[in-house]
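**Q** My structure is stored as structure_24.cif, with mmCIF, C-alpha atoms.
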data_my_file
#
loop_
_atom_site.label_atom_id
_atom_site.label_comp_id
_atom_site.auth_asym_id
_atom_site.auth_seq_id
_atom_site.Cartn_x
_atom_site.Cartn_y
_atom_site.Cartn_z
CA MET A 969 140.73 -15.78 125.58
CA SER A 970 139.45 -12.29 126.30
CA GLU A 971 136.78 -12.63 123.61
CA THR A 972 135.08 -15.63 125.18
CA ALA A 973 135.55 -14.40 128.74
CA PHE A 974 133.94 -11.04 127.99
CA PRO A 975 130.25 -12.01 128.26
CA PHE A 976 130.78 -13.82 131.56
CA ARG A 977 132.88 -11.05 133.04
CA LEU A 978 130.38 -8.46 131.87
CA ALA A 979 127.49 -10.41 133.37
CA LEU A 980 129.36 -10.62 136.67
CA VAL A 981 130.13 -6.91 136.64
CA LEU A 982 126.54 -5.95 135.77
CA LEU A 983 124.99 -8.12 138.46
CA SER A 984 127.44 -6.83 141.08
CA MET A 985 126.73 -3.29 139.95
CA LEU A 986 122.99 -3.82 140.35
CA VAL A 987 123.31 -5.24 143.85
CA LEU A 988 125.71 -2.44 144.85
CA GLN A 989 123.32 0.17 143.50
CA VAL A 990 120.28 -1.14 145.34
CA ALA A 991 122.00 -2.10 148.58
CA VAL A 992 124.76 0.49 148.99
CA ALA A 993 124.63 3.39 146.54
CA SER A 994 120.96 4.15 147.19
CA ARG A 995 121.86 4.75 150.84
CA LEU A 996 124.66 7.26 150.18
CA ARG A 997 122.64 10.33 149.36
CA ILE A 998 123.78 13.94 149.15
CA ILE A 999 120.76 16.25 149.41
CA GLY A 1000 118.66 13.23 148.49
CA VAL A 1001 120.68 12.33 145.36
CA ALA A 1002 122.39 8.94 145.16
CA PRO A 1003 125.20 7.78 142.84
CA ASP A 1004 124.04 6.18 139.61
CA LEU A 1005 126.25 3.10 139.17
CA PRO A 1006 124.54 1.83 135.99
CA LEU A 1007 125.32 5.13 134.28
CA LEU A 1008 128.86 5.09 135.67
CA ILE A 1009 129.51 1.62 134.23
CA THR A 1010 127.97 2.68 130.91
CA LEU A 1011 130.20 5.73 130.52
CA ALA A 1012 133.27 3.73 131.55
CA ALA A 1013 132.41 1.13 128.91
CA GLY A 1014 132.10 3.83 126.27
CA ILE A 1015 135.37 5.52 127.22
CA VAL A 1016 137.34 2.27 127.44
CA GLY A 1017 135.72 0.19 124.74
CA GLY A 1018 134.27 2.58 122.19
CA ARG A 1019 130.75 3.36 121.09
CA ASP A 1020 129.54 -0.19 120.40
CA ARG A 1021 130.61 -1.31 123.85
CA GLY A 1022 129.09 1.82 125.37
CA ALA A 1023 125.75 1.22 123.65
CA VAL A 1024 125.53 -2.46 124.58
CA VAL A 1025 126.61 -2.01 128.20
CA GLY A 1026 124.34 1.03 128.49
CA PHE A 1027 121.37 -1.01 127.28
CA ALA A 1028 122.12 -3.94 129.59
CA ALA A 1029 122.92 -1.85 132.68
CA GLY A 1030 119.95 0.42 132.04
CA LEU A 1031 117.59 -2.52 131.62
CA LEU A 1032 118.74 -4.14 134.86
CA PHE A 1033 118.31 -0.77 136.59
CA ASP A 1034 114.79 -0.44 135.13
CA LEU A 1035 113.81 -3.71 136.81
CA THR A 1036 114.35 -2.06 140.21
CA LEU A 1037 112.66 1.25 139.41
CA SER A 1038 109.08 2.46 139.15
CA THR A 1039 109.65 4.42 135.93
CA PRO A 1040 108.70 2.77 132.59
CA LEU A 1041 110.72 -0.36 131.92
CA GLY A 1042 113.14 0.34 129.08
CA LEU A 1043 113.58 4.05 129.85
CA ALA A 1044 117.00 3.74 131.48
CA ALA A 1045 117.97 1.13 128.85
CA LEU A 1046 117.15 3.61 126.08
CA CYS A 1047 118.83 6.66 127.63
CA TYR A 1048 121.97 4.98 128.93
CA CYS A 1049 122.43 3.13 125.62
CA ILE A 1050 122.46 6.47 123.79
CA ALA A 1051 124.73 8.11 126.39
CA GLY A 1052 127.20 5.20 126.20
CA TYR A 1053 127.24 5.38 122.40
CA VAL A 1054 127.76 9.15 122.25
CA VAL A 1055 130.53 9.17 124.87
CA GLY A 1056 132.24 6.24 123.16
CA ALA A 1057 132.03 7.96 119.77
CA LEU A 1058 133.40 11.25 121.13
CA GLU A 1059 136.31 9.59 122.90
CA ALA A 1060 137.20 7.59 119.80
CA SER A 1061 137.05 10.61 117.50
CA ALA A 1062 139.42 12.73 119.58
CA ILE A 1063 142.56 13.13 117.48
CA ARG A 1064 144.78 14.12 120.34
CA SER A 1065 144.18 12.87 123.86
CA SER A 1066 143.77 15.89 126.10
CA TRP A 1067 143.64 15.97 129.86
CA TRP A 1068 140.07 17.22 129.86
CA LEU A 1069 138.74 14.49 127.60
CA PRO A 1070 137.81 11.89 130.25
CA VAL A 1071 136.43 14.60 132.53
CA ALA A 1072 134.27 15.87 129.68
CA GLY A 1073 133.24 12.27 129.10
CA TRP A 1074 132.07 11.78 132.70
CA ILE A 1075 130.33 15.13 133.01
CA GLY A 1076 128.94 15.30 129.49
CA GLY A 1077 127.87 11.69 129.64
CA SER A 1078 126.09 12.26 132.96
CA VAL A 1079 124.28 15.32 131.65
CA LEU A 1080 123.24 13.40 128.55
CA GLY A 1081 122.19 10.22 130.36
CA ILE A 1082 120.19 11.85 133.15
CA GLY A 1083 118.92 14.68 130.96
CA LEU A 1084 117.55 12.23 128.40
CA PHE A 1085 116.01 10.17 131.19
CA ALA A 1086 114.17 13.21 132.55
CA VAL A 1087 113.05 14.53 129.16
CA VAL A 1088 111.91 11.23 127.66
CA GLY A 1089 110.35 10.23 130.98
CA ALA A 1090 108.42 13.49 131.10
CA LEU A 1091 107.23 12.89 127.52
CA LEU A 1092 106.00 9.48 128.63
CA GLY A 1093 103.92 11.12 131.34
CA GLU A 1094 106.15 10.66 134.38
CA ALA A 1095 105.42 13.85 136.25
CA ASN A 1096 108.21 14.15 138.79
CA LEU A 1097 111.28 13.80 136.60
CA PHE A 1098 111.60 17.22 135.02
CA THR A 1099 111.60 19.41 138.14
CA GLY A 1100 113.60 22.38 139.38
CA ASP A 1101 115.81 19.92 141.25
CA LEU A 1102 117.10 18.38 138.02
CA PRO A 1103 120.19 20.59 137.56
CA TYR A 1104 121.64 19.78 140.93
CA GLN A 1105 120.63 16.12 140.65
CA ILE A 1106 122.68 15.98 137.43
CA ALA A 1107 125.54 17.89 139.06
CA ILE A 1108 125.80 15.49 142.01
CA ILE A 1109 125.56 12.39 139.80
CA ALA A 1110 128.22 13.84 137.46
CA GLY A 1111 130.42 14.53 140.48
CA TRP A 1112 130.08 10.95 141.73
CA ASN A 1113 130.83 9.63 138.22
CA ALA A 1114 133.95 11.78 137.89
CA ILE A 1115 135.21 10.55 141.27
CA LEU A 1116 134.38 6.86 140.79
CA GLY A 1117 135.28 6.99 137.09
CA PRO A 1118 138.87 5.71 137.31
CA LEU A 1119 137.72 2.71 139.36
CA ALA A 1120 134.93 1.97 136.87
CA MET A 1121 137.43 2.14 134.03
CA ILE A 1122 139.69 -0.40 135.74
CA VAL A 1123 136.67 -2.71 136.09
CA MET A 1124 135.70 -2.28 132.43
CA ARG A 1125 139.26 -2.94 131.29
CA TRP A 1126 139.18 -6.13 133.32
CA THR A 1127 136.00 -7.28 131.54
CA ASP A 1128 137.69 -6.49 128.23
CA GLY A 1129 140.76 -8.39 129.19
CA THR A 1130 143.00 -5.51 128.14
CA ARG A 1131 145.87 -4.32 130.24
CA GLY A 1132 147.36 -0.93 130.80
CA PRO A 1133 146.01 2.49 129.95
CA VAL A 1134 143.99 2.84 126.79
CA ARG A 1135 145.16 5.51 124.35
CA GLY A 1136 146.80 7.79 126.85
CA VAL A 1137 143.81 8.13 129.11
CA ALA A 1138 145.80 8.74 132.24
CA TRP A 1139 143.18 9.35 134.95
CA MET B 1047 136.54 1.16 103.62
CA ALA B 1048 136.74 -0.81 106.83
CA LEU B 1049 136.06 2.26 108.91
CA THR B 1050 132.74 3.12 107.21
CA ARG B 1051 131.70 -0.51 107.29
CA ARG B 1052 132.36 -0.66 111.00
CA SER B 1053 130.60 2.63 111.67
CA GLY B 1054 127.64 1.37 109.64
CA ARG B 1055 127.43 -1.74 111.77
CA SER B 1056 127.83 0.42 114.84
CA ARG B 1057 124.82 2.49 113.91
CA PHE B 1058 122.86 -0.66 113.19
CA THR B 1059 123.62 -1.94 116.69
CA LEU B 1060 122.53 1.35 118.21
CA ALA B 1061 119.33 1.43 116.16
CA LEU B 1062 118.51 -2.13 117.19
CA LEU B 1063 119.05 -1.37 120.87
CA ILE B 1064 116.98 1.81 120.68
CA LEU B 1065 114.18 -0.08 118.95
CA THR B 1066 114.26 -2.79 121.61
CA SER B 1067 114.12 -0.20 124.40
CA VAL B 1068 111.17 1.59 122.83
CA THR B 1069 109.38 -1.73 122.37
CA LEU B 1070 109.87 -2.55 126.04
CA ILE B 1071 108.62 0.88 127.11
CA THR B 1072 105.51 0.42 124.96
CA LEU B 1073 104.85 -3.08 126.28
CA ASP B 1074 105.32 -1.89 129.86
CA SER B 1075 102.84 0.94 129.36
CA ARG B 1076 100.27 -1.64 128.25
CA GLY B 1077 100.88 -3.73 131.36
CA PHE B 1078 102.63 -6.66 129.70
CA GLU B 1079 102.62 -9.47 132.29
CA PRO B 1080 106.12 -10.94 131.77
CA LEU B 1081 107.66 -7.54 132.48
CA ASP B 1082 105.78 -7.26 135.76
CA MET B 1083 106.90 -10.76 136.63
CA ALA B 1084 110.50 -9.84 135.83
CA ARG B 1085 110.25 -6.87 138.20
CA GLU B 1086 108.79 -9.03 140.95
CA ALA B 1087 111.49 -11.63 140.46
CA THR B 1088 114.17 -8.94 140.76
CA LEU B 1089 112.50 -7.59 143.88
CA GLY B 1090 112.46 -11.02 145.46
CA ALA B 1091 116.01 -11.87 144.42
CA ILE B 1092 117.71 -8.70 145.62
CA GLY B 1093 115.59 -8.48 148.76
CA PRO B 1094 117.75 -10.64 151.06
CA VAL B 1095 120.96 -8.99 149.87
CA ASN B 1096 119.40 -5.58 150.42
CA ASP B 1097 118.49 -6.61 153.97
CA ALA B 1098 122.00 -7.82 154.72
CA ALA B 1099 123.52 -4.71 153.23
CA GLY B 1100 121.00 -2.59 155.10
CA SER B 1101 122.05 -3.90 158.48
CA MET B 1102 125.72 -3.57 157.53
CA PHE B 1103 125.49 -0.14 156.02
CA SER B 1104 122.82 1.46 158.16
CA PRO B 1105 125.33 2.87 160.64
CA ILE B 1106 127.41 4.22 157.76
CA GLY B 1107 124.31 5.53 156.01
CA ASP B 1108 123.15 7.20 159.20
CA ALA B 1109 126.58 8.71 159.86
CA TRP B 1110 126.71 9.91 156.25
CA ALA B 1111 123.27 11.48 156.48
CA GLY B 1112 124.12 12.91 159.89
CA ALA B 1113 127.29 14.54 158.56
CA TRP B 1114 125.22 16.57 156.12
CA ARG B 1115 122.52 17.47 158.61
CA GLN B 1116 124.18 18.22 161.95
CA GLY B 1117 122.56 21.57 162.66
CA ASP B 1118 119.19 20.35 161.44
CA LEU B 1119 119.13 17.49 163.92
CA GLU B 1120 119.26 19.77 166.96
CA ASP B 1121 116.46 21.97 165.63
CA GLU B 1122 114.42 18.92 164.75
CA ASN B 1123 114.86 17.55 168.26
CA ALA B 1124 113.58 20.70 169.88
CA ARG B 1125 110.63 20.83 167.53
CA LEU B 1126 109.75 17.19 168.20
CA GLU B 1127 109.84 17.64 171.97
CA ALA B 1128 107.42 20.52 171.73
CA ARG B 1129 105.15 18.47 169.48
CA ILE B 1130 105.16 15.52 171.90
CA ASP B 1131 104.01 17.77 174.71
CA GLU B 1132 101.18 19.07 172.57
CA LEU B 1133 100.08 15.60 171.50
CA GLU B 1134 100.14 14.19 175.01
CA GLY B 1135 97.76 16.93 176.00
CA ARG B 1136 95.38 16.11 173.18
CA GLU B 1137 95.57 12.39 173.75
CA SER B 1138 93.97 12.44 177.15
CA MET B 1139 91.08 14.53 175.90
CA SER B 1140 90.41 12.46 172.83
CA SER B 1141 90.45 9.06 174.50
CA LEU B 1142 87.12 9.83 176.16
CA THR B 1143 85.57 10.77 172.83
CA GLU B 1144 87.03 7.72 171.16
CA GLN B 1145 85.54 5.37 173.67
CA ALA B 1146 82.13 6.98 173.33
CA LEU B 1147 82.32 6.63 169.55
CA ARG B 1148 83.29 2.97 169.74
CA ASP B 1149 80.42 2.22 172.07
CA PHE B 1150 78.03 4.01 169.72
CA LEU B 1151 79.31 2.23 166.58
CA ALA B 1152 79.19 -1.13 168.29
CA GLU B 1153 75.61 -0.54 169.33
CA ALA B 1154 74.62 0.55 165.84
CA ASP B 1155 76.57 -2.38 164.36
CA ILE B 1156 78.65 -0.16 162.04
CA PRO B 1157 82.23 -1.37 161.29
CA SER B 1158 84.75 1.25 162.31
CA SER B 1159 88.15 1.91 160.82
CA ALA B 1160 89.64 0.48 163.99
CA ASP B 1161 88.35 -2.98 163.01
CA ARG B 1162 90.53 -3.29 159.92
CA GLU B 1163 93.05 -6.07 159.70
CA THR B 1164 96.54 -4.62 159.54
CA LEU B 1165 100.12 -5.82 159.29
CA LEU B 1166 103.19 -4.13 160.73
CA ALA B 1167 106.17 -4.08 158.39
CA ARG B 1168 109.67 -2.66 158.47
CA VAL B 1169 110.96 -0.28 155.83
CA VAL B 1170 114.17 -1.83 154.50
CA SER B 1171 115.20 0.72 151.93
CA GLY B 1172 114.27 3.74 149.92
CA PRO B 1173 114.18 3.83 146.12
CA ALA B 1174 117.05 2.35 144.11
CA GLY B 1175 117.36 5.40 141.88
CA ASN B 1176 116.91 9.14 142.08
CA PHE B 1177 113.52 9.65 140.49
CA ASP B 1178 111.23 7.29 142.38
CA GLU B 1179 108.99 8.11 145.32
CA THR B 1180 108.93 4.64 146.85
CA VAL B 1181 110.04 2.60 149.83
CA GLU B 1182 110.58 -1.13 150.11
CA ILE B 1183 109.11 -3.08 153.05
CA ASP B 1184 110.02 -6.51 154.37
CA ALA B 1185 106.64 -8.19 153.88
CA GLY B 1186 105.04 -9.46 150.70
CA SER B 1187 102.37 -11.76 149.31
CA GLY B 1188 103.45 -14.40 151.82
CA LYS B 1189 101.90 -12.29 154.58
CA GLY B 1190 98.78 -11.40 152.66
CA ILE B 1191 99.86 -8.17 151.00
CA ARG B 1192 98.37 -7.46 147.58
CA GLU B 1193 98.90 -4.71 145.06
CA GLY B 1194 96.80 -1.65 145.80
CA MET B 1195 96.65 -1.98 149.58
CA ALA B 1196 97.02 1.24 151.58
CA VAL B 1197 99.98 1.83 153.88
CA ARG B 1198 100.10 4.19 156.86
CA THR B 1199 102.01 5.00 160.02
CA GLY B 1200 100.51 5.95 163.37
CA ALA B 1201 100.55 9.56 162.21
CA GLY B 1202 98.98 9.27 158.79
CA LEU B 1203 98.79 7.92 155.26
CA VAL B 1204 102.04 6.87 153.61
CA GLY B 1205 101.03 5.46 150.24
CA ARG B 1206 99.92 2.30 148.48
CA VAL B 1207 101.53 -0.99 147.48
CA THR B 1208 102.51 -1.08 143.80
CA ARG B 1209 104.62 -4.21 143.49
CA VAL B 1210 104.65 -7.42 145.51
CA SER B 1211 106.93 -10.45 145.59
CA GLY B 1212 106.93 -13.34 148.05
CA GLY B 1213 108.68 -11.54 150.86
CA ARG B 1214 108.92 -7.90 149.77
CA SER B 1215 106.67 -5.07 148.64
CA VAL B 1216 107.23 -1.69 147.07
CA VAL B 1217 105.10 1.18 148.40
CA GLN B 1218 104.47 4.28 146.28
CA LEU B 1219 104.39 7.36 148.51
CA ILE B 1220 101.61 9.95 148.46
CA THR B 1221 104.18 12.56 147.40
CA ASP B 1222 104.45 10.81 144.02
CA PRO B 1223 102.62 12.87 141.38
CA ASP B 1224 101.00 9.69 140.07
CA VAL B 1225 99.10 9.24 143.34
CA SER B 1226 95.77 10.97 144.02
CA VAL B 1227 94.00 10.80 147.37
CA GLY B 1228 90.34 11.68 147.87
CA LEU B 1229 90.06 13.88 150.97
CA ARG B 1230 87.65 15.46 153.34
CA PHE B 1231 88.45 18.14 155.89
CA VAL B 1232 87.23 17.67 159.42
CA ASP B 1233 86.40 21.24 160.36
CA ALA B 1234 84.97 22.27 157.04
CA SER B 1235 83.47 18.97 155.78
CA GLU B 1236 84.77 19.85 152.31
CA VAL B 1237 85.94 17.23 149.84
CA GLY B 1238 88.84 17.46 147.43
CA THR B 1239 91.57 15.44 145.74
CA ALA B 1240 95.21 15.77 146.74
CA THR B 1241 98.09 15.03 144.38
CA GLY B 1242 101.76 14.68 145.23
CA GLN B 1243 104.32 17.10 143.89
CA GLY B 1244 107.52 15.19 144.50
CA ARG B 1245 109.80 14.35 147.39
CA GLY B 1246 109.64 16.68 150.37
CA ARG B 1247 106.91 18.81 148.85
CA ALA B 1248 103.39 19.49 150.09
CA LEU B 1249 100.38 17.79 148.53
CA ARG B 1250 98.34 20.00 146.25
CA THR B 1251 94.58 19.85 146.69
CA THR B 1252 92.33 21.32 144.06
CA ALA B 1253 88.60 21.60 143.45
CA ILE B 1254 87.85 23.13 146.84
CA GLU B 1255 84.78 25.35 146.55
CA GLN B 1256 85.36 29.09 146.83
CA ASP B 1257 82.89 29.43 149.71
CA SER B 1258 84.54 26.73 151.81
CA THR B 1259 85.96 27.49 155.25
CA VAL B 1260 89.11 25.41 155.01
CA ALA B 1261 91.84 27.12 157.04
CA VAL B 1262 95.49 26.63 157.91
CA GLY B 1263 95.79 23.95 160.57
CA ASP B 1264 92.82 21.85 159.46
CA ILE B 1265 93.43 18.12 159.18
CA ALA B 1266 92.42 16.18 156.05
CA TYR B 1267 91.29 12.53 156.10
CA THR B 1268 90.72 10.03 153.31
CA THR B 1269 87.15 9.84 152.07
CA GLY B 1270 87.15 6.17 151.27
CA TYR B 1271 86.55 4.12 148.18
CA VAL B 1272 83.83 6.40 146.83
CA ARG B 1273 86.34 9.02 145.70
CA SER B 1274 89.67 7.30 145.66
CA LEU B 1275 91.57 4.05 145.98
CA PHE B 1276 92.28 4.51 149.68
CA PRO B 1277 90.17 3.29 152.61
CA GLY B 1278 88.38 6.00 154.56
CA ASP B 1279 89.17 7.84 157.80
CA VAL B 1280 92.95 7.74 157.54
CA PRO B 1281 94.57 11.08 158.42
CA VAL B 1282 96.54 12.45 155.48
CA GLY B 1283 97.87 15.92 156.11
CA GLU B 1284 97.61 19.32 157.72
CA VAL B 1285 96.70 22.44 155.74
CA ILE B 1286 99.67 24.79 155.55
CA ARG B 1287 98.43 27.21 152.91
CA VAL B 1288 95.17 28.22 151.26
CA ASP B 1289 95.28 30.09 147.96
CA ASP B 1290 92.02 31.86 147.27
CA ASN B 1291 92.56 32.26 143.51
CA PRO B 1292 90.20 35.21 143.13
CA GLY B 1293 88.31 35.00 139.88
CA ASP B 1294 88.65 31.21 139.83
CA THR B 1295 85.89 28.79 140.81
CA SER B 1296 88.01 26.88 143.29
CA LYS B 1297 90.71 27.33 145.89
CA THR B 1298 94.04 25.56 146.01
CA VAL B 1299 95.10 24.09 149.33
CA LEU B 1300 98.58 22.85 150.25
CA LEU B 1301 98.80 19.95 152.69
CA GLU B 1302 101.81 18.81 154.60
CA PRO B 1303 101.67 15.00 155.04
CA LEU B 1304 101.29 13.98 158.67
CA ALA B 1305 103.49 10.90 158.27
CA THR B 1306 107.24 11.66 158.26
CA LEU B 1307 107.87 10.29 154.77
CA ASP B 1308 111.60 10.98 154.74
CA ASP B 1309 112.26 8.98 157.87
CA LEU B 1310 110.07 5.88 157.78
CA THR B 1311 111.11 2.90 159.87
CA PHE B 1312 107.92 0.93 160.54
CA VAL B 1313 104.67 1.14 158.62
CA THR B 1314 101.28 -0.52 158.86
CA VAL B 1315 99.71 -2.13 155.81
CA ILE B 1316 95.91 -2.07 155.80
CA LEU B 1317 95.01 -5.54 154.56
CA GLU B 1318 92.02 -4.46 152.48
CA GLU B 1319 91.97 -4.75 148.73
CA PRO B 1320 90.39 -1.73 147.06
CA PRO B 1321 87.39 -2.48 144.87
CA GLU B 1322 88.10 -2.80 141.14
#
Write out the structure in this file as structure tokens.
**A**
Amino acid sequence: MSETAFPFRLALVLLSMLVLQVAVASRLRIIGVAPDLPLLITLAAGIVGGRDRGAVVGFAAGLLFDLTLSTPLGLAALCYCIAGYVVGALEASAIRSSWWLPVAGWIGGSVLGIGLFAVVGALLGEANLFTGDLPYQIAIIAGWNAILGPLAMIVMRWTDGTRGPVRGVAW
Amino acid sequence: MALTRRSGRSRFTLALLILTSVTLITLDSRGFEPLDMAREATLGAIGPVNDAAGSMFSPIGDAWAGAWRQGDLEDENARLEARIDELEGRESMSSLTEQALRDFLAEADIPSSADRETLLARVVSGPAGNFDETVEIDAGSGKGIREGMAVRTGAGLVGRVTRVSGGRSVVQLITDPDVSVGLRFVDASEVGTATGQGRGRALRTTAIEQDSTVAVGDIAYTTGYVRSLFPGDVPVGEVIRVDDNPGDTSKTVLLEPLATLDDLTFVTVILEEPPE
């Protein structure tokens, strides 16, 4: 049952995420930096569902995000796909679940996702991505992701159809 | 073993997704029509929801922003009151000059910038992400807006329209590094080109001759379609710094935009399509 329901649940989650990002998240800025819900969902997918799930959700969420942005279309899809894959792979390869693992996932994943976006974007000629503001932009986005992470994980577990904590990830 | 087989398939999936993303980026850079249409469709589809959310969340958004800026608001208030006094003084003096100019232009049959057709629009939201310098307005092709049209407030130039759907448009601000504005300075009759440097930062104007008399406080206006994609005679910014660059052939001038780009509520779209 969960296998066939997954695409529909995922589509619902992604569309809701997009609307929430444009309508709500973009208005909640700290020093001009807003939460990045597509990246949040991507990292949650990687942590909960592994690297394949992280890559696919990252691509889909990033692509939907790209449709609302002025940066090259495909840039967020590319960077979030990679971030989702890496975070999923790291979480899966951890022999022992440690308390810092999910936190490292949120923070490391945010640094990777946004960092890649800025670097690749700059290589593509987008001039205002790689600025002196980038470190604190990443810090605020990582902070938001760490705080909203548990909620995002609950949502991703719902799309999976799994119940209960996955592999001792307690927070 | 099953594990290596699965990790092989995993890497194949990743490679496929990366390839697809790069293909999309390449197509987008070439201006592939279906991608533009997809963006416009998204803009049109999310528009109404964004509006509804905007009216619901505006008070929360304002309270949120206010919580981070309490001290700033009082300073800003004082500064604005002083500015209003100054402007009211200037207004009475300039209205005489303005009337004389209009009479003269009418007699000589020259169209003035005051004759342009314009449309008032409301700013419904800022950018969706963290790296765009855009705002979204509640008017689109249905009201005659086309890509490339200039947007301003009463104070000065805001930017130009980059994406249009039926009822919504996206405006790229002049602080975006991709935007260049051809300028002339009133007091010095110099010309230059200003480029944005990102949110909240001054515009950087280069190619000002070393012997020019541009000074702090001078106002810059758009030159018109000869030098840039913007219509002429729109105020752009005030000079806040002049770097002489000794040994160089030109000066660098920093301009602070006259329009308050971080607090836009209503803007005016100049309904003129720039020449190709």
**Q** Return the single residue from B:Glu1193, B:Glu1284, B:Glu1179, B:Asp1074 that is closest to Gly1244 (chain B), with distances computed using all atoms listed in the file.
**A** B:Glu1179
**Q** For region 1075-1083 of chain A, list every protein, DNA or RNA residue within 9 Å, evaluated using all atoms listed in the file, and leave out those in the same chain fewer than 4 positions away; present the list as a list in words.
**A** Leu1007, Leu1008, Leu1011, Ala1044, Cys1047, Tyr1048, Cys1049, Ile1050, Ala1051, Gly1052, Val1054, Val1055, Pro1070, Val1071, Val1087, Val1088, Phe1098, Leu1102, Pro1103, Gln1105, Ile1106, Ala1107, Ile1109, Ala1110, Gly1111, Asn1113 and Ala1114 of chain A
**Q** Please indicate the distance in Å from CA of Ala1028 (chain A) to CA of Ala1045 (chain A), rounded to one decimal place.
**A** 6.6 Å
**Q** Around (93.8, 27.5, 145.9) in the file's own coordinates, what residues are found within 10 Å if you use all atoms listed in the file, given back as number ranges by chain?
**A** B: 1250-1256, 1287-1292, 1294-1300
**Q** Assuming the chain letters and numbering stay as they are in my file, what does the PyMOL selection byres ((chain A) within 9 of (chain B)) actually select? List them as an mmCIF file with C-alpha atoms, in the frame of the given file.
**A**
data_model
loop_
_atom_site.group_PDB
_atom_site.id
_atom_site.type_symbol
_atom_site.label_atom_id
_atom_site.label_comp_id
_atom_site.auth_asym_id
_atom_site.auth_seq_id
_atom_site.Cartn_x
_atom_site.Cartn_y
_atom_site.Cartn_z
ATOM 1 C CA LEU A 986 122.990 -3.820 140.350
ATOM 2 C CA VAL A 987 123.310 -5.240 143.850
ATOM 3 C CA LEU A 988 125.710 -2.440 144.850
ATOM 4 C CA GLN A 989 123.320 0.170 143.500
ATOM 5 C CA VAL A 990 120.280 -1.140 145.340
ATOM 6 C CA ALA A 991 122.000 -2.100 148.580
ATOM 7 C CA VAL A 992 124.760 0.490 148.990
ATOM 8 C CA ALA A 993 124.630 3.390 146.540
ATOM 9 C CA SER A 994 120.960 4.150 147.190
ATOM 10 C CA ARG A 995 121.860 4.750 150.840
ATOM 11 C CA LEU A 996 124.660 7.260 150.180
ATOM 12 C CA ARG A 997 122.640 10.330 149.360
ATOM 13 C CA ILE A 998 123.780 13.940 149.150
ATOM 14 C CA ILE A 999 120.760 16.250 149.410
ATOM 15 C CA GLY A 1000 118.660 13.230 148.490
ATOM 16 C CA VAL A 1001 120.680 12.330 145.360
ATOM 17 C CA ALA A 1002 122.390 8.940 145.160
ATOM 18 C CA PRO A 1003 125.200 7.780 142.840
ATOM 19 C CA ASP A 1004 124.040 6.180 139.610
ATOM 20 C CA ARG A 1019 130.750 3.360 121.090
ATOM 21 C CA ASP A 1020 129.540 -0.190 120.400
ATOM 22 C CA ALA A 1023 125.750 1.220 123.650
ATOM 23 C CA VAL A 1024 125.530 -2.460 124.580
ATOM 24 C CA PHE A 1027 121.370 -1.010 127.280
ATOM 25 C CA LEU A 1031 117.590 -2.520 131.620
ATOM 26 C CA LEU A 1032 118.740 -4.140 134.860
ATOM 27 C CA PHE A 1033 118.310 -0.770 136.590
ATOM 28 C CA ASP A 1034 114.790 -0.440 135.130
ATOM 29 C CA LEU A 1035 113.810 -3.710 136.810
ATOM 30 C CA THR A 1036 114.350 -2.060 140.210
ATOM 31 C CA LEU A 1037 112.660 1.250 139.410
ATOM 32 C CA SER A 1038 109.080 2.460 139.150
ATOM 33 C CA THR A 1039 109.650 4.420 135.930
ATOM 34 C CA PRO A 1040 108.700 2.770 132.590
ATOM 35 C CA LEU A 1041 110.720 -0.360 131.920
ATOM 36 C CA GLY A 1042 113.140 0.340 129.080
ATOM 37 C CA LEU A 1043 113.580 4.050 129.850
ATOM 38 C CA ALA A 1044 117.000 3.740 131.480
ATOM 39 C CA ALA A 1045 117.970 1.130 128.850
ATOM 40 C CA LEU A 1046 117.150 3.610 126.080
ATOM 41 C CA CYS A 1047 118.830 6.660 127.630
ATOM 42 C CA CYS A 1049 122.430 3.130 125.620
ATOM 43 C CA ILE A 1050 122.460 6.470 123.790
ATOM 44 C CA TYR A 1053 127.240 5.380 122.400
ATOM 45 C CA ALA A 1086 114.170 13.210 132.550
ATOM 46 C CA GLU A 1094 106.150 10.660 134.380
ATOM 47 C CA ALA A 1095 105.420 13.850 136.250
ATOM 48 C CA ASN A 1096 108.210 14.150 138.790
ATOM 49 C CA LEU A 1097 111.280 13.800 136.600
ATOM 50 C CA THR A 1099 111.600 19.410 138.140
ATOM 51 C CA GLN A 1105 120.630 16.120 140.650
#
**Q** Please measure the separation of CA of Phe974 (chain A) and CA of Ala1072 (chain A), giving the value in Å to one decimal.
**A**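 It comes out at 27.0 Å.
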**Q** Mind pulling up the distance from CA of Gly1263 (chain B) to CA of Leu1133 (chain B)?
**A** 14.4 Å
**Q** May I have the residues within 10 Å of Met1124 (chain A) as a compact mmCIF listing (two decimals) with C-alpha atoms, keeping the file's coordinate frame, using all atoms listed in the file and disregarding those fewer than 2 positions away in the same chain?
**A**
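Contents of out_17.txt, as written:
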# COMPACT_ATOMS: atom_id res chain seq x y z
CA PHE A 974 133.94 -11.04 127.99
CA ARG A 977 132.88 -11.05 133.04
CA LEU A 978 130.38 -8.46 131.87
CA VAL A 981 130.13 -6.91 136.64
CA ILE A 1009 129.51 1.62 134.23
CA THR A 1010 127.97 2.68 130.91
CA LEU A 1011 130.20 5.73 130.52
CA ALA A 1012 133.27 3.73 131.55
CA ALA A 1013 132.41 1.13 128.91
CA GLY A 1014 132.10 3.83 126.27
CA ILE A 1015 135.37 5.52 127.22
CA VAL A 1016 137.34 2.27 127.44
CA GLY A 1017 135.72 0.19 124.74
CA PRO A 1118 138.87 5.71 137.31
CA LEU A 1119 137.72 2.71 139.36
CA ALA A 1120 134.93 1.97 136.87
CA MET A 1121 137.43 2.14 134.03
CA ILE A 1122 139.69 -0.40 135.74
CA TRP A 1126 139.18 -6.13 133.32
CA THR A 1127 136.00 -7.28 131.54
CA ASP A 1128 137.69 -6.49 128.23
CA GLY A 1129 140.76 -8.39 129.19
CA THR A 1130 143.00 -5.51 128.14
